[in-house]
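*Asks:* Next comes entry03.pdb, PDB, C-alpha atoms:
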MODEL        1
ATOM      1  CA  MET A1218      83.542 113.886  94.188  1.00  0.00           C
ATOM      2  CA  THR A1219      86.945 113.732  95.925  1.00  0.00           C
ATOM      3  CA  PRO A1220      89.451 111.001  94.990  1.00  0.00           C
ATOM      4  CA  PHE A1221      88.925 109.386  98.411  1.00  0.00           C
ATOM      5  CA  LEU A1222      85.152 109.252  97.938  1.00  0.00           C
ATOM      6  CA  GLU A1223      85.686 107.735  94.489  1.00  0.00           C
ATOM      7  CA  VAL A1224      87.911 105.036  95.993  1.00  0.00           C
ATOM      8  CA  LEU A1225      85.317 104.270  98.673  1.00  0.00           C
ATOM      9  CA  TYR A1226      82.487 104.250  96.124  1.00  0.00           C
ATOM     10  CA  LYS A1227      84.301 101.835  93.805  1.00  0.00           C
ATOM     11  CA  LEU A1228      85.391  99.626  96.693  1.00  0.00           C
ATOM     12  CA  SER A1229      81.795  99.612  97.995  1.00  0.00           C
ATOM     13  CA  HIS A1230      80.503  98.574  94.600  1.00  0.00           C
ATOM     14  CA  LEU A1231      83.055  95.765  94.280  1.00  0.00           C
ATOM     15  CA  SER A1232      82.734  94.440  97.845  1.00  0.00           C
ATOM     16  CA  GLY A1233      79.008  94.927  98.331  1.00  0.00           C
ATOM     17  CA  VAL A1234      79.641  96.801 101.594  1.00  0.00           C
ATOM     18  CA  LYS A1235      78.617 100.458 101.869  1.00  0.00           C
ATOM     19  CA  LEU A1236      81.648 102.525 102.812  1.00  0.00           C
ATOM     20  CA  TYR A1237      81.555 106.141 103.949  1.00  0.00           C
ATOM     21  CA  PRO A1238      84.160 108.451 105.473  1.00  0.00           C
ATOM     22  CA  ASP A1239      83.626 109.382 109.119  1.00  0.00           C
ATOM     23  CA  SER A1240      83.915 112.872 110.643  1.00  0.00           C
ATOM     24  CA  HIS A1241      87.733 112.568 110.496  1.00  0.00           C
ATOM     25  CA  ASN A1242      87.619 111.692 106.780  1.00  0.00           C
ATOM     26  CA  ALA A1243      88.624 108.085 107.460  1.00  0.00           C
ATOM     27  CA  CYS A1244      86.899 104.762 106.871  1.00  0.00           C
ATOM     28  CA  LYS A1245      87.378 101.706 109.061  1.00  0.00           C
ATOM     29  CA  LEU A1246      86.997  98.276 107.445  1.00  0.00           C
ATOM     30  CA  VAL A1247      86.279  95.555 109.985  1.00  0.00           C
ATOM     31  CA  ILE A1248      87.876  92.461 108.477  1.00  0.00           C
ATOM     32  CA  SER A1249      87.409  90.070 111.406  1.00  0.00           C
ATOM     33  CA  ASP A1250      86.934  90.101 115.170  1.00  0.00           C
ATOM     34  CA  HIS A1251      90.625  90.936 115.551  1.00  0.00           C
ATOM     35  CA  ILE A1252      91.607  92.858 112.422  1.00  0.00           C
ATOM     36  CA  SER A1253      90.391  96.250 111.166  1.00  0.00           C
ATOM     37  CA  ILE A1254      92.014  98.346 108.477  1.00  0.00           C
ATOM     38  CA  GLN A1255      91.563 102.094 108.463  1.00  0.00           C
ATOM     39  CA  LEU A1256      91.647 104.005 105.186  1.00  0.00           C
ATOM     40  CA  GLU A1257      92.577 107.686 105.180  1.00  0.00           C
ATOM     41  CA  VAL A1258      93.736 110.096 102.538  1.00  0.00           C
ATOM     42  CA  ASP A1259      96.499 112.682 102.818  1.00  0.00           C
ATOM     43  CA  ASP A1260      95.752 116.417 102.731  1.00  0.00           C
ATOM     44  CA  LYS A1261      96.526 116.670  99.008  1.00  0.00           C
ATOM     45  CA  GLN A1262      94.183 113.742  98.180  1.00  0.00           C
ATOM     46  CA  GLU A1263      97.101 111.993  96.450  1.00  0.00           C
ATOM     47  CA  ARG A1264      97.953 109.068  98.717  1.00  0.00           C
ATOM     48  CA  LEU A1265      95.775 106.568 100.513  1.00  0.00           C
ATOM     49  CA  LEU A1266      96.965 105.467 103.948  1.00  0.00           C
ATOM     50  CA  LEU A1267      96.070 101.928 104.996  1.00  0.00           C
ATOM     51  CA  GLY A1268      96.612 101.317 108.707  1.00  0.00           C
ATOM     52  CA  CYS A1269      95.974  98.397 111.020  1.00  0.00           C
ATOM     53  CA  ILE A1270      96.644  97.930 114.727  1.00  0.00           C
ATOM     54  CA  ILE A1271      97.741  94.297 115.047  1.00  0.00           C
ATOM     55  CA  CYS A1272      97.781  93.879 118.829  1.00  0.00           C
ATOM     56  CA  GLU A1273      99.105  95.307 122.055  1.00  0.00           C
ATOM     57  CA  VAL A1274     102.696  94.386 122.922  1.00  0.00           C
ATOM     58  CA  PRO A1275     103.476  94.841 126.620  1.00  0.00           C
ATOM     59  CA  ALA A1276     106.791  96.338 127.730  1.00  0.00           C
ATOM     60  CA  GLY A1277     109.695  94.002 128.372  1.00  0.00           C
ATOM     61  CA  VAL A1278     112.027  91.575 126.665  1.00  0.00           C
ATOM     62  CA  PHE A1279     109.228  90.116 124.526  1.00  0.00           C
ATOM     63  CA  ARG A1280     108.440  93.550 123.038  1.00  0.00           C
ATOM     64  CA  GLU A1281     112.126  94.011 122.202  1.00  0.00           C
ATOM     65  CA  LYS A1282     112.140  90.658 120.389  1.00  0.00           C
ATOM     66  CA  VAL A1283     108.926  91.511 118.536  1.00  0.00           C
ATOM     67  CA  LEU A1284     110.273  94.880 117.383  1.00  0.00           C
ATOM     68  CA  LYS A1285     113.565  93.327 116.224  1.00  0.00           C
ATOM     69  CA  HIS A1286     111.602  90.696 114.315  1.00  0.00           C
ATOM     70  CA  ALA A1287     109.407  93.423 112.797  1.00  0.00           C
ATOM     71  CA  MET A1288     112.469  95.388 111.654  1.00  0.00           C
ATOM     72  CA  ALA A1289     113.905  92.233 110.083  1.00  0.00           C
ATOM     73  CA  ALA A1290     110.583  91.645 108.311  1.00  0.00           C
ATOM     74  CA  ASN A1291     110.527  95.233 107.030  1.00  0.00           C
ATOM     75  CA  ALA A1292     114.015  94.763 105.609  1.00  0.00           C
ATOM     76  CA  SER A1293     113.554  91.320 104.093  1.00  0.00           C
ATOM     77  CA  GLU A1294     110.041  90.770 102.777  1.00  0.00           C
ATOM     78  CA  ILE A1295     109.594  91.330  99.061  1.00  0.00           C
ATOM     79  CA  PRO A1296     107.004  92.380  98.179  1.00  0.00           C
ATOM     80  CA  MET A1297     106.499  94.081 101.520  1.00  0.00           C
ATOM     81  CA  TYR A1298     102.743  94.656 101.601  1.00  0.00           C
ATOM     82  CA  GLY A1299     102.983  97.210 104.358  1.00  0.00           C
ATOM     83  CA  SER A1300     105.524  98.206 106.961  1.00  0.00           C
ATOM     84  CA  LEU A1301     105.413  97.164 110.584  1.00  0.00           C
ATOM     85  CA  CYS A1302     105.778  99.824 113.259  1.00  0.00           C
ATOM     86  CA  TYR A1303     105.215 100.446 116.940  1.00  0.00           C
ATOM     87  CA  VAL A1304     102.459 102.845 118.017  1.00  0.00           C
ATOM     88  CA  GLU A1305     103.501 104.213 121.395  1.00  0.00           C
ATOM     89  CA  LYS A1306     100.083 105.753 122.232  1.00  0.00           C
ATOM     90  CA  LYS A1307      98.438 102.343 121.929  1.00  0.00           C
ATOM     91  CA  ASN A1308     101.417 100.270 123.065  1.00  0.00           C
ATOM     92  CA  ALA A1309     100.842  98.159 119.964  1.00  0.00           C
ATOM     93  CA  LEU A1310     102.375  96.701 116.843  1.00  0.00           C
ATOM     94  CA  ALA A1311     100.808  98.116 113.684  1.00  0.00           C
ATOM     95  CA  LEU A1312     100.966  97.624 109.934  1.00  0.00           C
ATOM     96  CA  TYR A1313     100.619 100.476 107.459  1.00  0.00           C
ATOM     97  CA  ASP A1314     101.175 101.400 103.842  1.00  0.00           C
ATOM     98  CA  PHE A1315     100.608 104.253 101.401  1.00  0.00           C
ATOM     99  CA  LEU A1316      99.193 103.794  97.910  1.00  0.00           C
ATOM    100  CA  THR A1317      99.072 106.468  95.221  1.00  0.00           C
ATOM    101  CA  ILE A1318      95.421 107.206  94.444  1.00  0.00           C
ATOM    102  CA  LYS A1319      96.013 108.435  90.903  1.00  0.00           C
ATOM    103  CA  HIS A1320      96.736 104.972  89.464  1.00  0.00           C
ATOM    104  CA  LEU A1321      94.726 102.950  91.970  1.00  0.00           C
ATOM    105  CA  ASN A1322      91.923 100.703  90.796  1.00  0.00           C
ATOM    106  CA  GLU A1323      89.394  98.945  92.988  1.00  0.00           C
ATOM    107  CA  ASP A1324      90.430  95.382  92.034  1.00  0.00           C
ATOM    108  CA  PHE A1325      94.043  96.047  93.023  1.00  0.00           C
ATOM    109  CA  LEU A1326      92.940  97.770  96.242  1.00  0.00           C
ATOM    110  CA  LEU A1327      90.664  94.896  97.247  1.00  0.00           C
ATOM    111  CA  ASP A1328      93.467  92.386  96.594  1.00  0.00           C
ATOM    112  CA  TYR A1329      95.942  94.567  98.498  1.00  0.00           C
ATOM    113  CA  LEU A1330      93.603  94.891 101.469  1.00  0.00           C
ATOM    114  CA  THR A1331      93.193  91.110 101.506  1.00  0.00           C
ATOM    115  CA  VAL A1332      96.960  90.533 101.573  1.00  0.00           C
ATOM    116  CA  LEU A1333      97.464  93.248 104.193  1.00  0.00           C
ATOM    117  CA  ALA A1334      94.760  91.737 106.425  1.00  0.00           C
ATOM    118  CA  ARG A1335      96.284  88.271 106.014  1.00  0.00           C
ATOM    119  CA  LYS A1336      99.717  89.616 107.007  1.00  0.00           C
ATOM    120  CA  ALA A1337      98.273  91.409 110.051  1.00  0.00           C
ATOM    121  CA  GLU A1338      96.426  88.266 111.140  1.00  0.00           C
ATOM    122  CA  GLU A1339      99.571  86.168 110.717  1.00  0.00           C
ATOM    123  CA  TRP A1340     101.460  88.536 113.012  1.00  0.00           C
ATOM    124  CA  ARG A1341      98.590  88.677 115.514  1.00  0.00           C
ATOM    125  CA  VAL A1342      98.434  84.883 115.745  1.00  0.00           C
ATOM    126  CA  SER A1343     102.211  84.598 116.152  1.00  0.00           C
ATOM    127  CA  LEU A1344     102.257  87.124 118.967  1.00  0.00           C
ATOM    128  CA  SER A1345      99.286  85.448 120.676  1.00  0.00           C
ATOM    129  CA  GLU A1346     101.367  82.244 120.651  1.00  0.00           C
ATOM    130  CA  ASN A1347     104.242  84.138 122.368  1.00  0.00           C
ATOM    131  CA  LYS A1348     106.362  84.089 119.223  1.00  0.00           C
ATOM    132  CA  PRO A1349     108.100  87.329 118.202  1.00  0.00           C
ATOM    133  CA  GLY A1350     106.532  87.077 114.744  1.00  0.00           C
ATOM    134  CA  PRO A1351     105.865  84.670 111.911  1.00  0.00           C
ATOM    135  CA  ASN A1352     108.605  82.610 110.282  1.00  0.00           C
ATOM    136  CA  LEU A1353     110.221  84.945 107.759  1.00  0.00           C
ATOM    137  CA  LEU A1354     111.893  82.118 105.851  1.00  0.00           C
ATOM    138  CA  LYS A1355     108.828  80.049 105.039  1.00  0.00           C
ATOM    139  CA  ASN A1356     107.924  79.309 101.453  1.00  0.00           C
ATOM    140  CA  ASP A1357     104.194  79.306 100.878  1.00  0.00           C
ATOM    141  CA  PRO A1358     103.382  77.759  97.478  1.00  0.00           C
ATOM    142  CA  GLU A1359     100.301  79.999  97.219  1.00  0.00           C
ATOM    143  CA  ASP A1360     102.477  83.121  97.391  1.00  0.00           C
ATOM    144  CA  LYS A1361     104.434  82.415  94.230  1.00  0.00           C
ATOM    145  CA  PRO A1362     103.462  80.907  90.906  1.00  0.00           C
ATOM    146  CA  PRO A1363     105.408  77.765  89.955  1.00  0.00           C
ATOM    147  CA  ALA A1364     108.598  78.364  87.975  1.00  0.00           C
ATOM    148  CA  PHE A1365     107.959  78.314  84.229  1.00  0.00           C
ATOM    149  CA  GLY A1366     104.376  77.245  84.878  1.00  0.00           C
ATOM    150  CA  ILE A1367     105.510  73.783  86.025  1.00  0.00           C
ATOM    151  CA  LYS A1368     103.388  72.338  88.769  1.00  0.00           C
ATOM    152  CA  SER A1369     104.986  70.085  91.337  1.00  0.00           C
TER     153      SER A1369
ENDMDL
END
Output the structure of this file as structure tokens.
*Replies:*
Amino acid sequence: MTPFLEVLYKLSHLSGVKLYPDSHNACKLVISDHISIQLEVDDKQERLLLGCIICEVPAGVFREKVLKHAMAANASEIPMYGSLCYVEKKNALALYDFLTIKHLNEDFLLDYLTVLARKAEEWRVSLSENKPGPNLLKNDPEDKPPAFGIKS
């Protein structure tokens, strides 16, 4: 069994959804009506590519603002959970990341996919509201544990 098939098998077992590679050796996870994440493996079967088209961004000043905001997000978010990019063929903003298969376990992957999908949805909603992206300075108490275990 290839490393990619092992990843899909373990993820299937954990999620309860049967996952199989398609004819292009990729697997598309439909997260919601608006968000899908595609899983692919590189030629050496060493890295797993996670990719998600967020939404189309029409040409013009708004696209320029979105792409500037995306570059700022790529440079400032820690942890990043994916990089934002522009896919010219689809005229769309996308989110992608690579994970090393060798040390990947299904619990981590499921959690990572959840965070990646949440980030993609946050960007999709912001763009649908004609904002160039989500607020990069927000502090979400769910994102970080309280300092020294002290709850406020």
*Asks:* Per residue of segment 1249-1364 of chain A within 7 Å of segment 1238-1243 of chain A, which atom pair is closest and at what distance in Å (one decimal), using only C-alpha atoms, listed by chain and increasing number, as a Markdown table?
*Replies:*
| residue | atom | partner | partner_atom | distance |
| --- | --- | --- | --- | --- |
| A:Gln1255 | CA | A:Ala1243 | CA | 6.7 |
| A:Leu1256 | CA | A:Ala1243 | CA | 5.6 |
| A:Glu1257 | CA | A:Ala1243 | CA | 4.6 |
*Asks:* Would you output that residue set with C-alpha atoms, as a compact mmCIF listing (two decimals), keeping the file's coordinate frame?
*Replies:*
# COMPACT_ATOMS: atom_id res chain seq x y z
CA GLN A 1255 91.56 102.09 108.46
CA LEU A 1256 91.65 104.00 105.19
CA GLU A 1257 92.58 107.69 105.18
*Asks:* Closest to Pro1220 of chain A among A:Leu1321, A:Leu1312, A:Leu1354, A:Ala1276, using only C-alpha atoms?
*Replies:* A:Leu1321
*Asks:* I'd like the residues picked by the PyMOL selection byres ((chain A and resi 1313) around 12) written out as number ranges by chain, using the chain letters and numbers from the file.
*Replies:* A: 1253-1257, 1265-1271, 1291, 1297-1304, 1310-1312, 1314-1316, 1329-1330, 1333-1334, 1336-1337
*Asks:* Grab the atom CA of Thr1331 of chain A to atom CA of Phe1279 of chain A distance for me, in Å with one decimal place.
*Replies:*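 So the answer is 28.1 Å.
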*Asks:* Quick one: of A:His1251, A:Lys1235, A:Lys1245, A:His1230, who's nearest to Arg1335 of chain A, counting all atoms listed in the file?
*Replies:*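 Smallest distance to Arg1335 of chain A is found for A:His1251.
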*Asks:* Give, as AutoDock Vina command-line options, the centre coordinates and the x, y and z edge lengths in Å to one decimal for an axis-aligned box around all listed atoms of segment 1339-1345 of chain A, padded by 8 Å on each side.
*Replies:*
--center_x 100.3 --center_y 86.6 --center_z 115.7 --size_x 19.8 --size_y 20.1 --size_z 26.0
